[in-house]
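Colleague: My structure is below; once you've seen it, I'll send some questions.
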Amino acid sequence: MTVALSGKEVASKIEEKFSGSVVESTPENLVVKSDQLLDVARFLKETGGLDFDYLNFVTAVDYYDHFEVAYLLSSLEHNHSLMVKARCYDRENPALPSVTGLWQGADFQEREIYDLFGINFEGHPSMKRIFLWDGFEGHPLRKDYI
Amino acid sequence: MAVRTEPFVLNMGPVHPSTHGVFRMRVTLDGEVVVDIEPVFGYLHRGIEKLAEQRTYTGVIPLTDRLDYISSMSNNLAYCLAAEKLAGIKVPERAEYIRVIMSELQRVAALLIAVGAFLNDCGAYFTPFLYMFRERERIVDLFEMASGQRLTYNYMRVGGVSQDLPEEFMPALRKFMDMMPRFMDEYDQLLMQNEILLARAKGVGILSKEQAINCSISGPVLRASGVKWDIRQADPYSIYDRFDFDIPTQTTGDCYDRYRQRVEETRQSLRIIRQAMEQLPSGPVRAEVPHLVRPPVGEAYAHIEAPKGELGFYLVSDNSIAPYRCHIRPPSLINLTALRDMVRGWKIADLIIIFGSIDITVGEIDR
């Protein structure tokens, strides 16, 4: 059985290295500051004992006043998982760092989030729409898009 | 005088027999050698995730049928598991067993198509494909008995399955289980040491273990690269922890290994079905679930080992009758992440079989 690591416990490990980077932590997940997301992600991937080498999925949810981007990470070696989240409060130009450099599996999924939510992933090798055509106006999975 | 050469851009698809639907690749060629490819998606984008936000929890189930439309049962199961996790619903024993039988039969059917289509791409035009369809037909007949449908079954419900198995189902399933291993042997006899298949597929399109993990590859493609990771054992859902089965793996991660992997997985699925048939209890097939499910505020992710890999549903509830957000983790889309690195340097004829060996369904990629 995959063990879902407690967000609180992992958060305390992260805080030791990057203090102030964790905004919120619950037993189910933890929310990190968007500008420190990449550092925390690298820490989670490369720290022994955590070894999150597998990115199950990335997706976004629109909560009207902010977007929440959720990353489900797993370690195939230890068979444990953790959900990490980051928030974007800017509706006009929401942006987050891309994690494709750490987990290539995020490639198409970040493009999908850009296409359907309009969140720009900085550092992604080809940040463009994936399902809809280039001239399409708006981002359909946003809650204010009808 | 030197001959002037320049890269040639070839547009493959969206309508092309080897693209398994409407998938397009922009292929840059140097003579016959693939220099680069760019996959182009979206020709079958129906906005299923958006549609799901306007439907009741039960109303989403028919939409899931239309994701990977050759393994609808698995899609139903993944969605129902997520909805049940969110609403805290317990499924009756008999329904759990029926679900396992159905999803394993579905795996056999989907892997038969995968293998048949792969051989099609290798150039064995439609002969092996029709052999595979002969047996898939039996499975589809079984599904028709249970659900009344032959492709989009819409059979499972939040809290169980829509109706109990009809009387004639178990005898027909037993008959199928008796004949299926013989057919598997027949395929192996025809294909396993086939010279053309070996020449075309051995050593072609190698995907390394490290890259497979880094690219979030899942399912038979991941295991063919030598990673022993199957959600049925790594994170057992439903009642998979009660069955005895092996997780086959391969070593090289080439096209031939991916073909072998699928054949071996089919045999394991038959093992699971046999055990589930023996243990099948009687009783209700649906929990007492209100007509309109209204889960508490929260979120849930449930994933299953679908025929193509990790199929997951991430549901967010705001305590209304419709999901606030329904994200689908599509194995087909994510398994294509490594395609570009796998085909570079191979000839265009190899591109077709490397792509075929990944086994995708466009309905699930575009959603």
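Each chain of the structure tokens is named A, B, ... in the order shown, its residues numbered from 1; ligands are numbered from 1 in display order.
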Go through stretch 104-350 of chain B and collect every residue that DSSP, computed from the backbone, puts in strand (DSSP E or B); the answer should be as a list in words.

Modeller: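 After running DSSP on the backbone, stretch 104-350 of chain B has strand (DSSP E or B) at Met156, Arg157, Gly160, Val161, Arg286, Gly298, Glu299, Ala300, Tyr301, Ala302, His303, Ile304, Glu305, Ala306, Gly309, Glu310, Leu311, Gly312, Phe313, Tyr314, Leu315, Val316, Ser317, Arg325, Cys326, His327, Ile328, Arg329 and Lys347 of chain B.
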
Colleague: Residues of chain B that have any atom at most 8 Å from an atom of chain A: could you tabulate them with the shortest-distance atom pair and the distance in Å to one decimal, using only C-alpha atoms, ordered by chain and increasing number, as JSON lines?

Modeller:
{"residue": "B:Val40", "atom": "CA", "partner": "A:Ile130", "partner_atom": "CA", "distance": 7.3}
{"residue": "B:Phe41", "atom": "CA", "partner": "A:Phe131", "partner_atom": "CA", "distance": 5.5}
{"residue": "B:Gly42", "atom": "CA", "partner": "A:Phe131", "partner_atom": "CA", "distance": 3.9}
{"residue": "B:Tyr43", "atom": "CA", "partner": "A:Phe131", "partner_atom": "CA", "distance": 7.5}
{"residue": "B:His45", "atom": "CA", "partner": "A:Phe131", "partner_atom": "CA", "distance": 6.4}
{"residue": "B:Glu49", "atom": "CA", "partner": "A:Leu141", "partner_atom": "CA", "distance": 7.9}
{"residue": "B:Lys50", "atom": "CA", "partner": "A:Leu141", "partner_atom": "CA", "distance": 6.1}
{"residue": "B:Ile213", "atom": "CA", "partner": "A:Tyr54", "partner_atom": "CA", "distance": 5.9}
{"residue": "B:Asn214", "atom": "CA", "partner": "A:Trp103", "partner_atom": "CA", "distance": 5.2}
{"residue": "B:Cys215", "atom": "CA", "partner": "A:Gly105", "partner_atom": "CA", "distance": 3.8}
{"residue": "B:Ser216", "atom": "CA", "partner": "A:Gly105", "partner_atom": "CA", "distance": 4.8}
{"residue": "B:Ile217", "atom": "CA", "partner": "A:Gly105", "partner_atom": "CA", "distance": 7.5}
{"residue": "B:Trp229", "atom": "CA", "partner": "A:Leu76", "partner_atom": "CA", "distance": 7.4}
{"residue": "B:Gln233", "atom": "CA", "partner": "A:Met1", "partner_atom": "CA", "distance": 7.4}
{"residue": "B:Ala234", "atom": "CA", "partner": "A:Met1", "partner_atom": "CA", "distance": 5.5}
{"residue": "B:Asp235", "atom": "CA", "partner": "A:Met1", "partner_atom": "CA", "distance": 4.2}
{"residue": "B:Pro236", "atom": "CA", "partner": "A:Met1", "partner_atom": "CA", "distance": 6.1}
{"residue": "B:Arg325", "atom": "CA", "partner": "A:Val61", "partner_atom": "CA", "distance": 6.7}
{"residue": "B:His327", "atom": "CA", "partner": "A:Thr59", "partner_atom": "CA", "distance": 7.1}
{"residue": "B:Arg329", "atom": "CA", "partner": "A:Phe57", "partner_atom": "CA", "distance": 6.4}
{"residue": "B:Leu333", "atom": "CA", "partner": "A:Phe108", "partner_atom": "CA", "distance": 7.5}
{"residue": "B:Ile334", "atom": "CA", "partner": "A:Gly105", "partner_atom": "CA", "distance": 6.5}
{"residue": "B:Thr337", "atom": "CA", "partner": "A:Gly105", "partner_atom": "CA", "distance": 6.2}
{"residue": "B:Asp366", "atom": "CA", "partner": "A:Phe131", "partner_atom": "CA", "distance": 6.6}

Colleague: Which residue is closest to A:Leu38? Choose from A:Leu96, A:Val10, A:Gly20, A:Phe52 and count only C-alpha atoms.

Modeller: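 Once distances to A:Leu38 are computed over only C-alpha atoms, the minimum belongs to A:Leu96.
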
Colleague: May I ask for the distance between atom CA of B:Arg367 and atom CA of B:Ala338, given in Å to one decimal place?

Modeller: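 Here the two named atoms are 20.1 Å from each other.
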
Colleague: Residues at most 8 Å from B:Tyr69, counting only C-alpha atoms, excluding those fewer than 5 positions away in the same chain, as a list in words?

Modeller: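 That gives Leu151, Thr152, Thr361, Gly363 and Glu364 of chain B.
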
Colleague: In Å, with one decimal, what is the gap from atom CA of B:Ile353 to atom CA of B:Ser269?

Modeller: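 Atom CA of B:Ser269 lies 25.1 Å from atom CA of B:Ile353.
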
Colleague: I'd like to know which residues of stretch 33-146 of chain A are helix (DSSP H, G or I) (by DSSP, run on the backbone); could you write them as a ChimeraX atom specification?

Modeller: /A:34-46,106-117

Colleague: Can you pull out every residue within 12 Å of A:Lys33, counting only C-alpha atoms, but drop anything in the same chain fewer than 3 positions away, and send it as a list in words?

Modeller: Ile14, Glu15, Phe18, Ser19, Gly20, Ser21, Val22, Val23, Glu24, Ser25, Leu30, Gln36, Leu37, Leu38, Asp39, Val40, Ala41, Glu68, Val69, Val84, Lys85, Ala86, Arg87, Cys88, Tyr89, Leu96 and Pro97 of chain A

Colleague: Can you write just those residues out, N, CA, C and O atoms, as a CSV table (one decimal), in the first residue's frame?

Modeller:
chain,number,residue,atom,x,y,z
A,14,ILE,N,11.1,20.4,5.3
A,14,ILE,CA,11.4,21.5,4.3
A,14,ILE,C,11.8,22.8,5.0
A,14,ILE,O,12.7,23.5,4.6
A,15,GLU,N,11.0,23.1,6.1
A,15,GLU,CA,11.3,24.3,6.9
A,15,GLU,C,12.7,24.4,7.4
A,15,GLU,O,13.3,25.5,7.5
A,18,PHE,N,14.5,25.4,4.0
A,18,PHE,CA,14.0,26.7,3.4
A,18,PHE,C,13.0,27.2,4.4
A,18,PHE,O,11.8,26.9,4.2
A,19,SER,N,13.4,28.0,5.3
A,19,SER,CA,12.4,28.5,6.3
A,19,SER,C,11.5,29.5,5.7
A,19,SER,O,11.9,30.3,4.8
A,20,GLY,N,10.2,29.4,6.0
A,20,GLY,CA,9.2,30.3,5.5
A,20,GLY,C,8.7,29.9,4.1
A,20,GLY,O,7.9,30.6,3.6
A,21,SER,N,9.1,28.7,3.6
A,21,SER,CA,8.6,28.4,2.3
A,21,SER,C,7.3,27.6,2.3
A,21,SER,O,6.6,27.6,1.3
A,22,VAL,N,6.9,27.1,3.5
A,22,VAL,CA,5.6,26.4,3.5
A,22,VAL,C,4.6,27.3,4.1
A,22,VAL,O,4.7,27.9,5.1
A,23,VAL,N,3.5,27.5,3.3
A,23,VAL,CA,2.4,28.4,3.7
A,23,VAL,C,1.5,27.7,4.6
A,23,VAL,O,1.0,28.3,5.5
A,24,GLU,N,1.2,26.4,4.3
A,24,GLU,CA,0.2,25.7,5.1
A,24,GLU,C,0.5,24.2,5.0
A,24,GLU,O,1.0,23.8,3.9
A,25,SER,N,0.2,23.5,6.0
A,25,SER,CA,0.4,22.1,5.9
A,25,SER,C,-0.7,21.3,6.7
A,25,SER,O,-1.1,21.7,7.8
A,30,LEU,N,0.6,19.7,1.5
A,30,LEU,CA,1.2,21.0,2.0
A,30,LEU,C,1.3,22.0,0.8
A,30,LEU,O,1.3,21.6,-0.3
A,36,GLN,N,9.2,29.7,-4.2
A,36,GLN,CA,10.2,28.7,-3.7
A,36,GLN,C,9.8,27.3,-4.2
A,36,GLN,O,10.5,26.3,-3.7
A,37,LEU,N,8.8,27.2,-5.0
A,37,LEU,CA,8.3,25.9,-5.4
A,37,LEU,C,9.5,25.0,-6.0
A,37,LEU,O,9.6,23.8,-5.7
A,38,LEU,N,10.3,25.6,-6.9
A,38,LEU,CA,11.3,24.8,-7.6
A,38,LEU,C,12.3,24.3,-6.6
A,38,LEU,O,12.8,23.1,-6.7
A,39,ASP,N,12.7,25.2,-5.6
A,39,ASP,CA,13.7,24.7,-4.6
A,39,ASP,C,13.2,23.6,-3.8
A,39,ASP,O,13.8,22.6,-3.5
A,40,VAL,N,11.9,23.7,-3.4
A,40,VAL,CA,11.3,22.7,-2.5
A,40,VAL,C,11.2,21.4,-3.3
A,40,VAL,O,11.4,20.3,-2.8
A,41,ALA,N,10.8,21.5,-4.6
A,41,ALA,CA,10.6,20.4,-5.5
A,41,ALA,C,11.9,19.6,-5.6
A,41,ALA,O,12.0,18.4,-5.5
A,68,GLU,N,-5.1,27.0,-7.6
A,68,GLU,CA,-4.3,26.1,-6.9
A,68,GLU,C,-3.7,25.0,-7.8
A,68,GLU,O,-4.5,24.4,-8.5
A,69,VAL,N,-2.4,24.9,-7.9
A,69,VAL,CA,-1.8,23.9,-8.7
A,69,VAL,C,-1.4,22.7,-7.8
A,69,VAL,O,-0.6,23.0,-6.9
A,84,VAL,N,1.8,18.1,-3.1
A,84,VAL,CA,2.3,19.4,-2.9
A,84,VAL,C,1.5,20.4,-3.7
A,84,VAL,O,1.1,20.1,-4.9
A,85,LYS,N,1.2,21.6,-3.1
A,85,LYS,CA,0.4,22.5,-3.9
A,85,LYS,C,1.1,23.9,-3.9
A,85,LYS,O,1.9,24.2,-3.0
A,86,ALA,N,0.7,24.7,-4.9
A,86,ALA,CA,1.2,26.1,-4.9
A,86,ALA,C,0.0,26.9,-5.4
A,86,ALA,O,-0.9,26.4,-6.1
A,87,ARG,N,0.0,28.2,-4.9
A,87,ARG,CA,-1.2,29.0,-5.3
A,87,ARG,C,-0.7,30.2,-6.1
A,87,ARG,O,0.3,30.8,-5.9
A,88,CYS,N,-1.6,30.7,-7.0
A,88,CYS,CA,-1.4,31.9,-7.8
A,88,CYS,C,-2.6,32.8,-7.5
A,88,CYS,O,-3.7,32.4,-7.8
A,89,TYR,N,-2.3,34.0,-7.1
A,89,TYR,CA,-3.4,35.0,-6.8
A,89,TYR,C,-3.6,36.0,-7.9
A,89,TYR,O,-4.6,36.7,-7.9
A,96,LEU,N,4.0,30.3,-12.6
A,96,LEU,CA,4.6,29.4,-11.6
A,96,LEU,C,5.9,28.9,-12.3
A,96,LEU,O,6.0,28.9,-13.5
A,97,PRO,N,6.9,28.5,-11.6
A,97,PRO,CA,8.1,27.9,-12.2
A,97,PRO,C,7.7,26.5,-12.7
A,97,PRO,O,6.9,25.8,-12.1
